[in-house]
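Chemist: One file: start.txt (compact mmCIF, C-alpha atoms and all ligand atoms).
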```txt
# COMPACT_ATOMS: atom_id res chain seq x y z
CA MET C 1 283.72 31.19 88.92
CA ASP C 2 280.79 30.34 86.66
CA GLN C 3 282.09 29.39 83.20
CA THR C 4 278.77 29.87 81.41
CA VAL C 5 279.24 31.21 77.88
CA PRO C 6 277.26 34.46 77.48
CA ALA C 7 274.10 33.76 75.51
CA LEU C 8 273.96 34.51 71.81
CA LEU C 9 270.80 36.55 71.37
CA GLN C 10 268.85 37.75 68.37
CA HIS C 11 269.18 41.52 68.13
CA GLU C 12 267.53 44.02 65.81
CA CYS C 13 270.13 44.52 63.11
CA VAL C 14 270.87 45.32 59.48
CA VAL C 15 273.37 43.39 57.35
CA PHE C 16 275.50 45.24 54.80
CA PRO C 17 276.73 42.56 52.39
CA GLU C 18 279.21 44.95 50.74
CA GLY C 19 280.98 45.34 54.08
CA LEU C 20 283.64 47.85 54.94
CA HIS C 21 287.25 48.48 54.03
CA LEU C 22 288.99 48.78 57.41
CA GLU C 23 291.87 51.11 58.25
CA CYS C 24 294.16 48.08 58.62
CA GLY C 25 293.59 47.31 54.93
CA PHE C 26 291.31 44.30 55.48
CA HIS C 27 287.97 44.19 53.70
CA LEU C 28 285.41 42.95 56.21
CA ALA C 29 282.23 41.62 54.61
CA PRO C 30 279.47 41.26 55.45
CA VAL C 31 279.10 43.81 58.22
CA GLN C 32 276.14 43.54 60.56
CA ILE C 33 275.09 46.45 62.77
CA ALA C 34 272.80 45.86 65.76
CA TYR C 35 270.89 48.89 66.96
CA ARG C 36 267.97 50.32 68.91
CA THR C 37 266.01 53.47 68.16
CA TYR C 38 263.91 55.66 70.44
CA GLY C 39 261.45 58.39 69.37
CA THR C 40 260.31 59.20 65.84
CA LEU C 41 262.29 60.38 62.84
CA SER C 42 260.77 63.65 61.58
CA ALA C 43 259.47 63.93 58.02
CA ALA C 44 262.46 66.21 57.25
CA ARG C 45 264.79 63.61 58.84
CA ASP C 46 266.49 66.41 60.73
CA ASN C 47 266.03 65.36 64.38
CA ALA C 48 268.33 62.33 64.65
CA ILE C 49 270.82 61.94 67.48
CA VAL C 50 273.39 59.15 67.45
CA VAL C 51 274.38 58.12 70.98
CA CYS C 52 277.68 56.21 71.04
CA HIS C 53 278.31 53.72 73.82
CA ALA C 54 281.45 53.25 75.89
CA LEU C 55 283.81 50.26 76.08
CA THR C 56 281.40 47.70 77.51
CA GLY C 57 278.12 49.39 76.70
CA ASP C 58 275.67 48.34 74.03
CA GLN C 59 272.72 49.51 71.97
CA TYR C 60 270.26 49.00 74.84
CA LEU C 61 270.35 52.61 75.82
CA ALA C 62 266.92 53.15 77.28
CA ASP C 63 265.18 49.79 77.33
CA THR C 64 265.81 46.51 79.11
CA GLN C 65 269.24 44.98 78.52
CA PRO C 66 268.30 41.40 77.52
CA LEU C 67 271.28 39.67 79.17
CA THR C 68 271.02 41.38 82.56
CA GLY C 69 267.30 42.21 82.60
CA LYS C 70 268.29 45.69 83.88
CA PRO C 71 267.26 49.08 82.51
CA GLY C 72 269.40 50.37 79.65
CA TRP C 73 272.60 52.19 80.63
CA TRP C 74 271.22 55.69 79.94
CA SER C 75 267.56 55.15 80.84
CA ARG C 76 267.69 58.17 83.10
CA MET C 77 268.99 60.36 80.26
CA VAL C 78 267.01 59.21 77.21
CA GLY C 79 263.22 59.13 77.07
CA PRO C 80 260.11 61.32 76.87
CA GLY C 81 260.76 64.63 78.66
CA LEU C 82 264.30 63.54 79.69
CA PRO C 83 267.45 65.53 78.76
CA ILE C 84 267.70 63.62 75.46
CA ASP C 85 264.00 64.03 74.84
CA THR C 86 262.48 61.33 72.64
CA ASP C 87 259.31 63.40 72.26
CA ARG C 88 261.50 65.67 70.19
CA PHE C 89 264.49 63.70 68.96
CA PHE C 90 264.96 60.39 67.14
CA VAL C 91 267.75 58.56 68.96
CA ILE C 92 269.84 55.79 67.38
CA CYS C 93 272.27 53.70 69.41
CA MET C 94 274.38 51.02 67.72
CA ASN C 95 276.54 48.25 69.09
CA VAL C 96 280.09 49.03 67.95
CA LEU C 97 281.92 47.08 65.27
CA GLY C 98 283.96 44.50 67.21
CA GLY C 99 281.29 44.29 69.93
CA CYS C 100 279.41 41.24 71.18
CA MET C 101 275.78 42.35 71.22
CA GLY C 102 274.88 41.66 67.60
CA SER C 103 277.23 43.83 65.54
CA THR C 104 279.99 42.05 63.62
CA GLY C 105 282.80 41.17 66.01
CA PRO C 106 285.06 38.32 67.11
CA ARG C 107 282.05 36.18 68.11
CA SER C 108 280.49 36.48 64.64
CA PRO C 109 280.94 33.65 62.14
CA ARG C 110 284.15 34.07 60.23
CA SER C 111 283.64 35.11 56.62
CA GLY C 112 285.85 35.08 53.55
CA ALA C 113 288.04 32.45 51.90
CA GLY C 114 287.95 29.02 53.54
CA ALA C 115 285.24 29.94 56.04
CA ASP C 116 282.35 27.51 56.43
CA GLY C 117 280.20 29.94 58.43
CA THR C 118 280.28 27.89 61.62
CA GLU C 119 283.48 29.01 63.32
CA PRO C 120 283.77 32.42 65.00
CA TRP C 121 286.50 34.90 64.07
CA GLY C 122 288.03 34.81 67.55
CA THR C 123 291.48 36.39 67.66
CA ASP C 124 291.61 36.41 63.85
CA PHE C 125 289.05 39.21 63.82
CA PRO C 126 290.85 42.11 62.11
CA PRO C 127 291.95 45.02 64.28
CA VAL C 128 289.42 47.84 64.13
CA THR C 129 289.77 51.52 64.96
CA ILE C 130 287.37 54.09 66.34
CA ARG C 131 287.11 55.46 62.79
CA ASP C 132 286.12 52.01 61.50
CA MET C 133 283.40 51.89 64.17
CA VAL C 134 282.09 55.28 63.05
CA ARG C 135 282.21 54.37 59.35
CA ALA C 136 280.19 51.25 60.15
CA GLN C 137 277.65 53.40 62.02
CA LYS C 138 277.36 55.68 59.00
CA LEU C 139 276.20 52.71 56.89
CA LEU C 140 273.12 52.46 59.10
CA VAL C 141 272.58 56.23 59.31
CA ASP C 142 272.63 56.32 55.48
CA ARG C 143 270.15 53.44 55.40
CA PHE C 144 267.74 55.60 57.43
CA GLY C 145 268.05 58.24 54.68
CA ILE C 146 269.51 60.74 57.17
CA GLN C 147 271.80 63.25 55.49
CA ARG C 148 272.64 65.32 58.54
CA LEU C 149 272.63 64.23 62.16
CA PHE C 150 271.31 66.82 64.54
CA ALA C 151 273.78 65.59 67.18
CA VAL C 152 276.23 62.90 68.16
CA VAL C 153 276.64 62.30 71.90
CA GLY C 154 278.72 59.85 73.92
CA GLY C 155 280.95 59.31 76.92
CA SER C 156 284.38 57.73 77.30
CA MET C 157 284.99 55.57 74.20
CA GLY C 158 281.61 56.94 73.07
CA GLY C 159 283.21 60.41 73.22
CA MET C 160 286.04 59.23 70.98
CA GLN C 161 283.42 58.18 68.44
CA VAL C 162 281.75 61.60 68.73
CA LEU C 163 285.06 63.27 67.88
CA GLU C 164 285.67 60.87 65.02
CA TRP C 165 282.17 61.52 63.63
CA ALA C 166 282.84 65.27 63.69
CA ALA C 167 286.32 64.90 62.16
CA THR C 168 285.42 62.35 59.45
CA TYR C 169 281.97 63.66 58.46
CA PRO C 170 282.09 67.39 59.34
CA ASP C 171 279.10 68.28 57.13
CA MET C 172 276.94 65.59 58.70
CA VAL C 173 277.17 66.62 62.36
CA PHE C 174 275.35 69.75 63.51
CA ALA C 175 276.18 69.37 67.21
CA ALA C 176 278.67 67.17 69.06
CA MET C 177 278.90 66.35 72.73
CA PRO C 178 282.07 64.47 73.71
CA ILE C 179 281.84 63.55 77.41
CA ALA C 180 284.53 62.26 79.80
CA THR C 181 286.88 61.66 76.93
CA SER C 182 290.15 62.73 75.36
CA PRO C 183 291.53 63.53 71.88
CA PHE C 184 293.93 60.58 72.27
CA HIS C 185 294.25 57.56 74.52
CA SER C 186 296.90 58.36 77.11
CA ALA C 187 299.92 56.20 77.96
CA GLN C 188 298.39 55.53 81.39
CA ASN C 189 295.15 54.28 79.84
CA ILE C 190 296.97 52.08 77.33
CA ALA C 191 298.86 50.68 80.32
CA PHE C 192 295.62 49.86 82.18
CA ASN C 193 294.23 48.18 79.07
CA GLU C 194 297.37 46.10 78.74
CA VAL C 195 297.05 44.83 82.32
CA SER C 196 293.45 43.83 81.57
CA ARG C 197 294.48 42.01 78.43
CA GLN C 198 297.30 40.16 80.17
CA ALA C 199 294.81 38.97 82.81
CA ILE C 200 292.75 37.40 80.01
CA PHE C 201 295.79 35.81 78.35
CA ALA C 202 296.89 34.33 81.69
CA ASP C 203 293.62 32.45 82.19
CA PRO C 204 294.05 28.66 81.61
CA ASP C 205 290.73 28.75 79.74
CA TRP C 206 292.01 31.35 77.29
CA HIS C 207 293.09 28.52 75.01
CA GLY C 208 294.81 30.84 72.52
CA GLY C 209 291.55 32.73 72.07
CA ARG C 210 289.72 29.61 70.79
CA TYR C 211 287.90 29.04 74.06
CA TRP C 212 284.67 28.07 72.30
CA GLU C 213 286.36 24.78 71.40
CA ARG C 214 286.27 23.93 75.12
CA ASP C 215 282.77 25.29 75.60
CA ALA C 216 284.21 27.62 78.25
CA VAL C 217 285.25 31.24 78.60
CA PRO C 218 288.37 32.72 80.27
CA ALA C 219 286.09 33.79 83.09
CA ARG C 220 288.71 34.39 85.79
CA GLY C 221 290.92 36.46 83.49
CA LEU C 222 288.02 38.50 82.15
CA ALA C 223 286.71 39.08 85.67
CA VAL C 224 290.12 40.26 86.91
CA ALA C 225 290.37 42.52 83.84
CA ARG C 226 287.04 44.09 84.76
CA MET C 227 287.88 44.37 88.46
CA MET C 228 291.04 46.30 87.69
CA ALA C 229 289.32 48.47 85.08
CA HIS C 230 286.36 49.12 87.37
CA ILE C 231 288.64 50.73 89.98
CA THR C 232 289.65 53.26 87.32
CA TYR C 233 285.98 54.12 86.68
CA LEU C 234 285.49 55.32 90.26
CA SER C 235 287.46 57.65 92.50
CA GLU C 236 289.07 57.35 95.91
CA GLU C 237 286.28 59.48 97.39
CA ALA C 238 283.58 57.31 95.79
CA LEU C 239 285.14 54.06 97.03
CA THR C 240 285.55 55.51 100.52
CA ARG C 241 281.97 56.81 100.59
CA LYS C 242 280.57 53.49 99.32
CA PHE C 243 282.66 51.06 101.40
CA GLY C 244 285.26 52.70 103.60
CA ARG C 245 287.10 49.93 105.49
CA ARG C 246 283.96 47.97 106.28
CA VAL C 247 284.18 44.18 106.31
CA ARG C 248 281.65 41.39 105.92
CA ARG C 249 281.71 37.64 106.33
CA ASP C 250 283.54 36.19 103.30
CA PRO C 251 280.81 34.48 101.25
CA TYR C 252 283.46 32.74 99.09
CA GLY C 253 285.54 31.46 102.01
CA ASP C 254 288.56 31.20 99.75
CA ASN C 255 290.80 33.95 101.07
CA PRO C 256 293.84 32.44 102.81
CA LEU C 257 294.78 35.92 104.06
CA SER C 258 291.61 36.55 106.02
CA LEU C 259 292.07 36.47 109.80
CA PHE C 260 288.49 35.79 110.87
CA GLY C 261 286.76 34.61 107.67
CA GLU C 262 286.07 38.21 106.76
CA MET C 263 286.42 40.18 103.54
CA PHE C 264 286.46 43.90 102.89
CA GLU C 265 283.23 45.20 101.34
CA VAL C 266 285.26 46.71 98.53
CA GLU C 267 286.77 43.30 97.73
CA SER C 268 283.34 41.74 97.64
CA TYR C 269 282.05 44.57 95.42
CA LEU C 270 284.88 44.12 92.92
CA ARG C 271 284.33 40.38 92.77
CA HIS C 272 280.67 41.03 92.06
CA GLN C 273 281.52 43.52 89.29
CA GLY C 274 283.98 41.00 87.79
CA SER C 275 281.72 37.98 87.83
CA SER C 276 278.63 39.80 86.57
CA PHE C 277 280.67 41.23 83.69
CA VAL C 278 281.63 37.75 82.48
CA HIS C 279 277.95 36.99 81.90
CA ARG C 280 277.49 39.84 79.50
CA PHE C 281 280.77 40.26 77.65
CA ASP C 282 283.05 38.32 75.32
CA ALA C 283 286.81 38.22 76.03
CA ASN C 284 287.85 38.54 72.37
CA SER C 285 285.58 41.57 71.97
CA TYR C 286 287.17 43.07 75.07
CA LEU C 287 290.60 42.69 73.46
CA THR C 288 289.45 44.13 70.12
CA ILE C 289 287.72 47.14 71.62
CA THR C 290 290.41 48.04 74.17
CA ARG C 291 292.91 47.95 71.30
CA ALA C 292 290.71 50.26 69.22
CA MET C 293 290.75 52.74 72.12
CA ASP C 294 294.54 52.47 72.35
CA TYR C 295 294.92 53.36 68.66
CA PHE C 296 292.79 56.48 69.05
CA ASP C 297 294.73 59.71 68.47
CA LEU C 298 293.19 62.57 66.51
CA GLY C 299 296.67 63.99 65.90
CA THR C 300 298.16 60.89 64.26
CA GLU C 301 297.70 61.98 60.67
CA HIS C 302 298.46 65.63 61.45
CA ASP C 303 301.94 65.65 63.03
CA GLY C 304 300.32 65.66 66.43
CA ASP C 305 298.28 68.81 65.73
CA LEU C 306 294.90 68.08 67.35
CA SER C 307 293.26 71.10 65.77
CA ARG C 308 293.80 70.12 62.13
CA PRO C 309 291.00 67.50 61.92
CA PHE C 310 288.55 70.32 62.79
CA HIS C 311 289.72 73.19 60.57
CA GLY C 312 286.72 74.70 58.83
CA THR C 313 284.22 72.77 60.95
CA ARG C 314 280.78 74.26 61.48
CA THR C 315 279.80 71.70 64.13
CA ARG C 316 278.93 73.14 67.57
CA PHE C 317 280.78 71.32 70.33
CA CYS C 318 280.04 70.99 74.02
CA ILE C 319 282.89 69.23 75.85
CA VAL C 320 282.04 67.84 79.28
CA SER C 321 284.44 66.54 81.91
CA PHE C 322 284.07 65.52 85.56
CA SER C 323 286.35 66.94 88.25
CA SER C 324 287.19 63.56 89.85
CA ASP C 325 287.72 61.64 86.57
CA TRP C 326 291.35 60.52 86.76
CA LEU C 327 291.04 58.18 83.76
CA PHE C 328 290.07 60.93 81.31
CA PRO C 329 291.05 63.96 83.38
CA THR C 330 289.84 67.49 82.82
CA SER C 331 293.33 68.46 81.63
CA GLN C 332 292.80 66.27 78.54
CA ALA C 333 289.35 67.75 77.92
CA ARG C 334 290.93 71.23 78.12
CA MET C 335 293.54 70.14 75.57
CA LEU C 336 290.67 69.21 73.25
CA ALA C 337 288.92 72.54 73.90
CA ARG C 338 292.12 74.45 73.08
CA ALA C 339 292.55 72.45 69.84
CA LEU C 340 288.98 73.25 68.81
CA ASN C 341 289.56 76.91 69.66
CA ARG C 342 292.64 76.94 67.43
CA ALA C 343 290.46 75.47 64.68
CA ALA C 344 288.06 78.42 65.28
CA ALA C 345 285.26 75.96 66.11
CA ASN C 346 282.13 76.88 68.03
CA VAL C 347 282.99 75.22 71.34
CA SER C 348 281.82 75.34 74.93
CA PHE C 349 283.46 73.54 77.80
CA VAL C 350 281.91 72.39 81.08
CA GLU C 351 283.61 70.77 84.04
CA ILE C 352 281.05 69.17 86.35
CA GLU C 353 281.98 69.04 90.05
CA SER C 354 281.54 65.41 91.08
CA ASP C 355 283.31 62.93 93.34
CA LYS C 356 282.03 59.91 91.37
CA GLY C 357 285.00 59.53 89.02
CA HIS C 358 284.90 58.58 85.34
CA ASP C 359 281.58 56.70 85.49
CA ALA C 360 279.85 59.92 86.71
CA PHE C 361 278.39 60.24 83.22
CA LEU C 362 276.39 57.04 83.87
CA LEU C 363 275.15 58.16 87.29
CA ASP C 364 272.73 60.64 88.75
CA GLU C 365 274.44 64.05 88.38
CA PRO C 366 271.80 66.79 88.09
CA ASP C 367 274.31 69.40 86.80
CA PHE C 368 275.30 67.01 84.04
CA ASP C 369 271.66 66.36 83.08
CA ARG C 370 271.06 70.14 82.93
CA THR C 371 274.13 70.55 80.72
CA VAL C 372 272.97 67.90 78.24
CA ARG C 373 269.42 69.28 78.15
CA GLY C 374 270.61 72.90 77.80
CA PHE C 375 273.12 72.23 75.03
CA LEU C 376 270.71 70.14 72.95
CA SER C 377 267.82 72.60 73.38
CA GLY C 378 270.02 75.55 72.41
CA ALA C 379 271.43 73.71 69.40
CA ALA C 380 267.92 72.61 68.33
CA GLU C 381 266.84 76.27 68.25
CA HIS C 382 269.77 77.12 65.97
CA ALA C 383 269.07 74.08 63.80
CA ARG C 384 265.40 75.13 63.74
CA ILE C 385 264.20 71.72 64.85
CA GLY C 386 260.54 71.77 65.91
C1 LIG C 401 278.54 53.78 78.98
C2 LIG C 401 278.13 52.59 78.46
O1 LIG C 401 278.12 52.53 77.33
S1 LIG C 401 277.40 51.42 79.39
C3 LIG C 401 278.40 50.43 80.25
C4 LIG C 401 278.11 50.77 81.61
N1 LIG C 401 277.61 49.68 82.35
C5 LIG C 401 278.41 49.11 83.20
O2 LIG C 401 279.57 49.45 83.25
C6 LIG C 401 277.78 48.05 84.05
C7 LIG C 401 278.61 47.75 85.28
N2 LIG C 401 278.95 48.98 85.91
C8 LIG C 401 278.29 49.48 86.95
O3 LIG C 401 277.44 48.88 87.56
C9 LIG C 401 278.72 50.84 87.28
O4 LIG C 401 279.20 50.86 88.56
C10 LIG C 401 277.62 51.87 87.06
C11 LIG C 401 278.28 53.22 87.00
C12 LIG C 401 276.97 51.62 85.72
C13 LIG C 401 276.54 51.78 88.13
O5 LIG C 401 276.98 52.39 89.31
P1 LIG C 401 276.10 52.37 90.66
O6 LIG C 401 274.66 52.55 90.34
O7 LIG C 401 276.77 53.30 91.61
O8 LIG C 401 276.22 50.88 91.12
P2 LIG C 401 277.44 50.21 91.91
O9 LIG C 401 278.72 50.54 91.29
O10 LIG C 401 277.28 50.54 93.37
O11 LIG C 401 277.16 48.67 91.68
C14 LIG C 401 275.96 48.09 92.09
C15 LIG C 401 276.11 46.60 92.09
O12 LIG C 401 277.16 46.22 93.01
C16 LIG C 401 276.62 45.33 94.00
N3 LIG C 401 277.29 45.60 95.25
C17 LIG C 401 277.29 46.76 95.94
N4 LIG C 401 278.01 46.61 97.07
C18 LIG C 401 278.46 45.34 97.09
C19 LIG C 401 279.26 44.58 98.00
N5 LIG C 401 279.78 45.13 99.10
N6 LIG C 401 279.52 43.31 97.69
C20 LIG C 401 279.05 42.75 96.55
N7 LIG C 401 278.29 43.43 95.66
C21 LIG C 401 278.00 44.70 95.93
C22 LIG C 401 275.15 45.66 94.05
O13 LIG C 401 274.42 44.59 94.58
C23 LIG C 401 274.85 45.91 92.58
O14 LIG C 401 274.77 44.66 91.95
P3 LIG C 401 273.93 44.48 90.57
O15 LIG C 401 274.49 45.49 89.60
O16 LIG C 401 274.19 43.06 90.17
O17 LIG C 401 272.50 44.77 90.92
N1 LIG C 402 282.03 51.80 82.75
C1 LIG C 402 281.86 52.15 81.38
C2 LIG C 402 282.77 53.24 80.96
C3 LIG C 402 284.17 52.78 80.72
O1 LIG C 402 284.86 53.70 79.97
C4 LIG C 402 281.99 50.93 80.53
O2 LIG C 402 282.27 49.87 81.05
O3 LIG C 402 281.76 51.02 79.33
```
Now that the file is in, can you turn its structure into structure tokens?
Modeler:
Amino acid sequence: MDQTVPALLQHECVVFPEGLHLECGFHLAPVQIAYRTYGTLSAARDNAIVVCHALTGDQYLADTQPLTGKPGWWSRMVGPGLPIDTDRFFVICMNVLGGCMGSTGPRSPRSGAGADGTEPWGTDFPPVTIRDMVRAQKLLVDRFGIQRLFAVVGGSMGGMQVLEWAATYPDMVFAAMPIATSPFHSAQNIAFNEVSRQAIFADPDWHGGRYWERDAVPARGLAVARMMAHITYLSEEALTRKFGRRVRRDPYGDNPLSLFGEMFEVESYLRHQGSSFVHRFDANSYLTITRAMDYFDLGTEHDGDLSRPFHGTRTRFCIVSFSSDWLFPTSQARMLARALNRAAANVSFVEIESDKGHDAFLLDEPDFDRTVRGFLSGAAEHARIG
């Protein structure tokens, strides 16, 4: 496994020297937010959409991702004439707090007492929550002089941020589209995250989280973490359709269990997903962000009542789930819809038929594209956006 440390790049970002008081009680300063924008902010500043990325996404939504050289993760969704139409809307996408693509996170230089600005935070980076991520995003939205967002859209952990935006800043969000998400992180998903984290801890190059001292990364552990997680992003049907039981010659030649020097295509695919991930992601960020997802529960401060954060809301919601998503199943999306109904919110709910599993929101699903386009166009008419 290649041990190359993912490159530290220069990203477009804004530094907020005053920082942010985190939910854990720690004051993190400064806070840097890396972002990309697409389209033009209207003179009335009323056409802004914040798109929130998922666990391992980044701000490169619709242009080339600099580490991989590939198109941004939602290039088919965001652009001129596309469902999130940049001829009409001004789209902002920010790397989350705790991330590793330019926003303040475990790879950033440690700040505060005793810090000399050369050593990264590593595992001493304070625990952050989804609400902290959203409050950090609001710093940048305020800097743009935007008082009300036309919409907030996102899938998976991005959907958690959408819900947190709507709950924390109800007067700022006209429309909200939480996709393939849940009002709380389930026990099963916390369990998957824990397996991923243990894989990282078990790597001999983990070095107590101070792997930079060895100029290495816990590549094997991080790759195994991603391999396991990646299975949860697909579905049995999708894996069968893609690979079935097909085998190929084992290019690694390191499998003592292979009878004829072969390997299953699905094994080879997972290895590829694991090793390519290591080139674009930081292990300490992975730990920080998976933990933030685990903490997420809209009912925590409300005796488990998921409707209370939304009482009195005027935000229009469109909840989207995918029929084969077993990580964030439709039953959890329905739970969210019922909570919003109890809060008397304006809510619509769409389940898209798909066999692609959780990552369907990243893939070509024409019904999904039509849903995004339709909801945003309808909401734009009500918001009287040109
Ligand atoms: C939401 C966010 O915020 S963004 C974060 C999302 N981005 C990611 O998760 C990136 C990694 N994830 C993926 O690639 C996801 O599978 C998706 C959903 C984004 C893309 O899915 P698909 O387009 O169906 O691609 P697929 O899952 O088939 O993977 C294709 C890759 O596997 C490789 N591959 C396919 N079959 C095999 C095989 N048998 N052996 C080895 N490699 C294989 C392909 O060569 C391709 O490699 P590349 O990405 O280096 O070019
Ligand atoms: N595959 C996406 C979605 C996970 O929830 C990601 O890695 O961010």
Chemist: Of the candidates C:Arg210, C:Arg226, C:Arg249, C:Arg135, which one gets nearest to ligand LIG 402 (chain C) if we count only C-alpha atoms and all ligand atoms?
Modeler: C:Arg226
Chemist: Please list as a list in words every residue within 6 Å of stretch 35-50 of chain C, counting only C-alpha atoms and excluding residues in the same chain fewer than 6 positions away.
Modeler: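 The residues satisfying every condition are Cys13, Gln59, Thr86, Phe89, Phe90, Val91, Ile92, Cys93, Met94, Ile146, Leu149, Phe150, Ala151 and Val152 of chain C.
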Chemist: Give me the residues within 9 Å of C:Gly72 as a list in words, counting all atoms listed in the file and dropping any in the same chain fewer than 4 places off.
Modeler: Asp58, Gln59, Tyr60, Leu61, Ala62, Asp63, Thr64, Gln65 and Arg76 of chain C
Chemist: Please identify all polymer residues lying at most 7 Å from the point (282.0, 29.0, 59.4) (file coordinates), using all atoms listed in the file, and present the result as a ChimeraX atom specification.
Modeler: /C:109-111,115-120
Chemist: Neighbours of ligand LIG 401 (chain C) within 6 Å, counting only C-alpha atoms and all ligand atoms, as a list in words?
Modeler: His53, Ala54, Thr56, Gly57, Asp58, Trp73, Glu265, Val266, Ser268, Tyr269, His272, Asp359, Leu362 and Leu363 of chain C
Chemist: Could you save those same residues with C-alpha atoms as a PDB file, in the frame of the given file?
Modeler:
```pdb
ATOM      1  CA  HIS C  53     278.310  53.720  73.820  1.00  0.00           C
ATOM      2  CA  ALA C  54     281.450  53.250  75.890  1.00  0.00           C
ATOM      3  CA  THR C  56     281.400  47.700  77.510  1.00  0.00           C
ATOM      4  CA  GLY C  57     278.120  49.390  76.700  1.00  0.00           C
ATOM      5  CA  ASP C  58     275.670  48.340  74.030  1.00  0.00           C
ATOM      6  CA  TRP C  73     272.600  52.190  80.630  1.00  0.00           C
ATOM      7  CA  GLU C 265     283.230  45.200 101.340  1.00  0.00           C
ATOM      8  CA  VAL C 266     285.260  46.710  98.530  1.00  0.00           C
ATOM      9  CA  SER C 268     283.340  41.740  97.640  1.00  0.00           C
ATOM     10  CA  TYR C 269     282.050  44.570  95.420  1.00  0.00           C
ATOM     11  CA  HIS C 272     280.670  41.030  92.060  1.00  0.00           C
ATOM     12  CA  ASP C 359     281.580  56.700  85.490  1.00  0.00           C
ATOM     13  CA  LEU C 362     276.390  57.040  83.870  1.00  0.00           C
ATOM     14  CA  LEU C 363     275.150  58.160  87.290  1.00  0.00           C
TER      15      LEU C 363
END
```
Chemist: Let me have all residues with an atom within 12 Å of ligand LIG 402 (chain C), counting all atoms listed in the file, laid out as a PyMOL selection string.
Modeler: chain C and resi 52-59+73-74+95-96+99+154-160+179-182+185+189+192-193+225-234+273-274+277+280-281+286+289-290+293+325-328+356-363
Chemist: Find the distance between atom CA of C:Leu287 and atom CA of C:Asp305 and write it in Å to one decimal.
Modeler: 28.3 Å
Chemist: So which one's closest to C:Glu12, C:Ala34, C:His279, C:Leu257, C:Gly25? Using only C-alpha atoms, please.
Modeler: C:Ala34
Chemist: Would you kindly return, as a list in words, each protein, DNA or RNA residue with an atom no farther than 10 Å from any atom of C:Val224, considering all atoms listed in the file and excluding same-chain residues fewer than 6 positions away?
Modeler: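 That gives Val195, Ser196, Arg197, Gln198, Ala199, Ile200, Asp203, His230, Leu270, Arg271, Gln273, Gly274, Ser275 and Val278 of chain C.
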Chemist: Go through C:Ile385, C:Val14, C:Leu22, C:Leu336 and flag the residue nearest C:Phe125, using all atoms listed in the file for the distances.
Modeler: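 Distance minimum relative to C:Phe125 lands on C:Leu22.
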Chemist: Identify which of the residues C:Thr313, C:Ser324, C:Arg308, C:Thr330 lies closest to C:Met172, counting only C-alpha atoms when measuring atom-to-atom distances.
Modeler: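 Residue with the minimum atom-to-atom distance to C:Met172: C:Thr313.
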Chemist: Nearest to C:Thr371 among C:Pro83, C:Gly98, C:Pro251, C:Gly122, with distances taken over only C-alpha atoms: which residue is it?
Modeler: C:Pro83
Chemist: Please determine the residues with any atom at most 10 Å from (278.4, 72.8, 66.3) (coordinates as given in the file, with all atoms listed in the file counting) and report them as a ChimeraX atom specification.
Modeler: /C:150-151,166,170,173-177,313-318,345-348,379,382-383
Chemist: For atom CA of C:Arg338 and atom CA of C:Ser307, determine how far apart the two atoms are, in Å to one decimal place.
Modeler: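 Between atom CA of C:Arg338 and atom CA of C:Ser307 the gap is 8.1 Å.
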Chemist: My list of candidates is C:Ala29, C:Ile84, C:Cys100, C:Val247. Which is closest to C:Ala113 when distances are computed with all atoms listed in the file?
Modeler: C:Ala29
Chemist: Expressed in Å to a single decimal, how great is the separation between atom CA of C:Asp367 and atom CA of C:Glu237?
Modeler: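 Answer for the atom CA of C:Asp367 to atom CA of C:Glu237 separation: 18.8 Å.
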Chemist: Would you mind listing what lies within 10 Å of C:Pro183 as a PyMOL selection string, with all atoms listed in the file counted and same-chain residues fewer than 3 positions away left out?
Modeler: chain C and resi 159-160+163-164+178+186+296-299+306-307+328+332-337+339
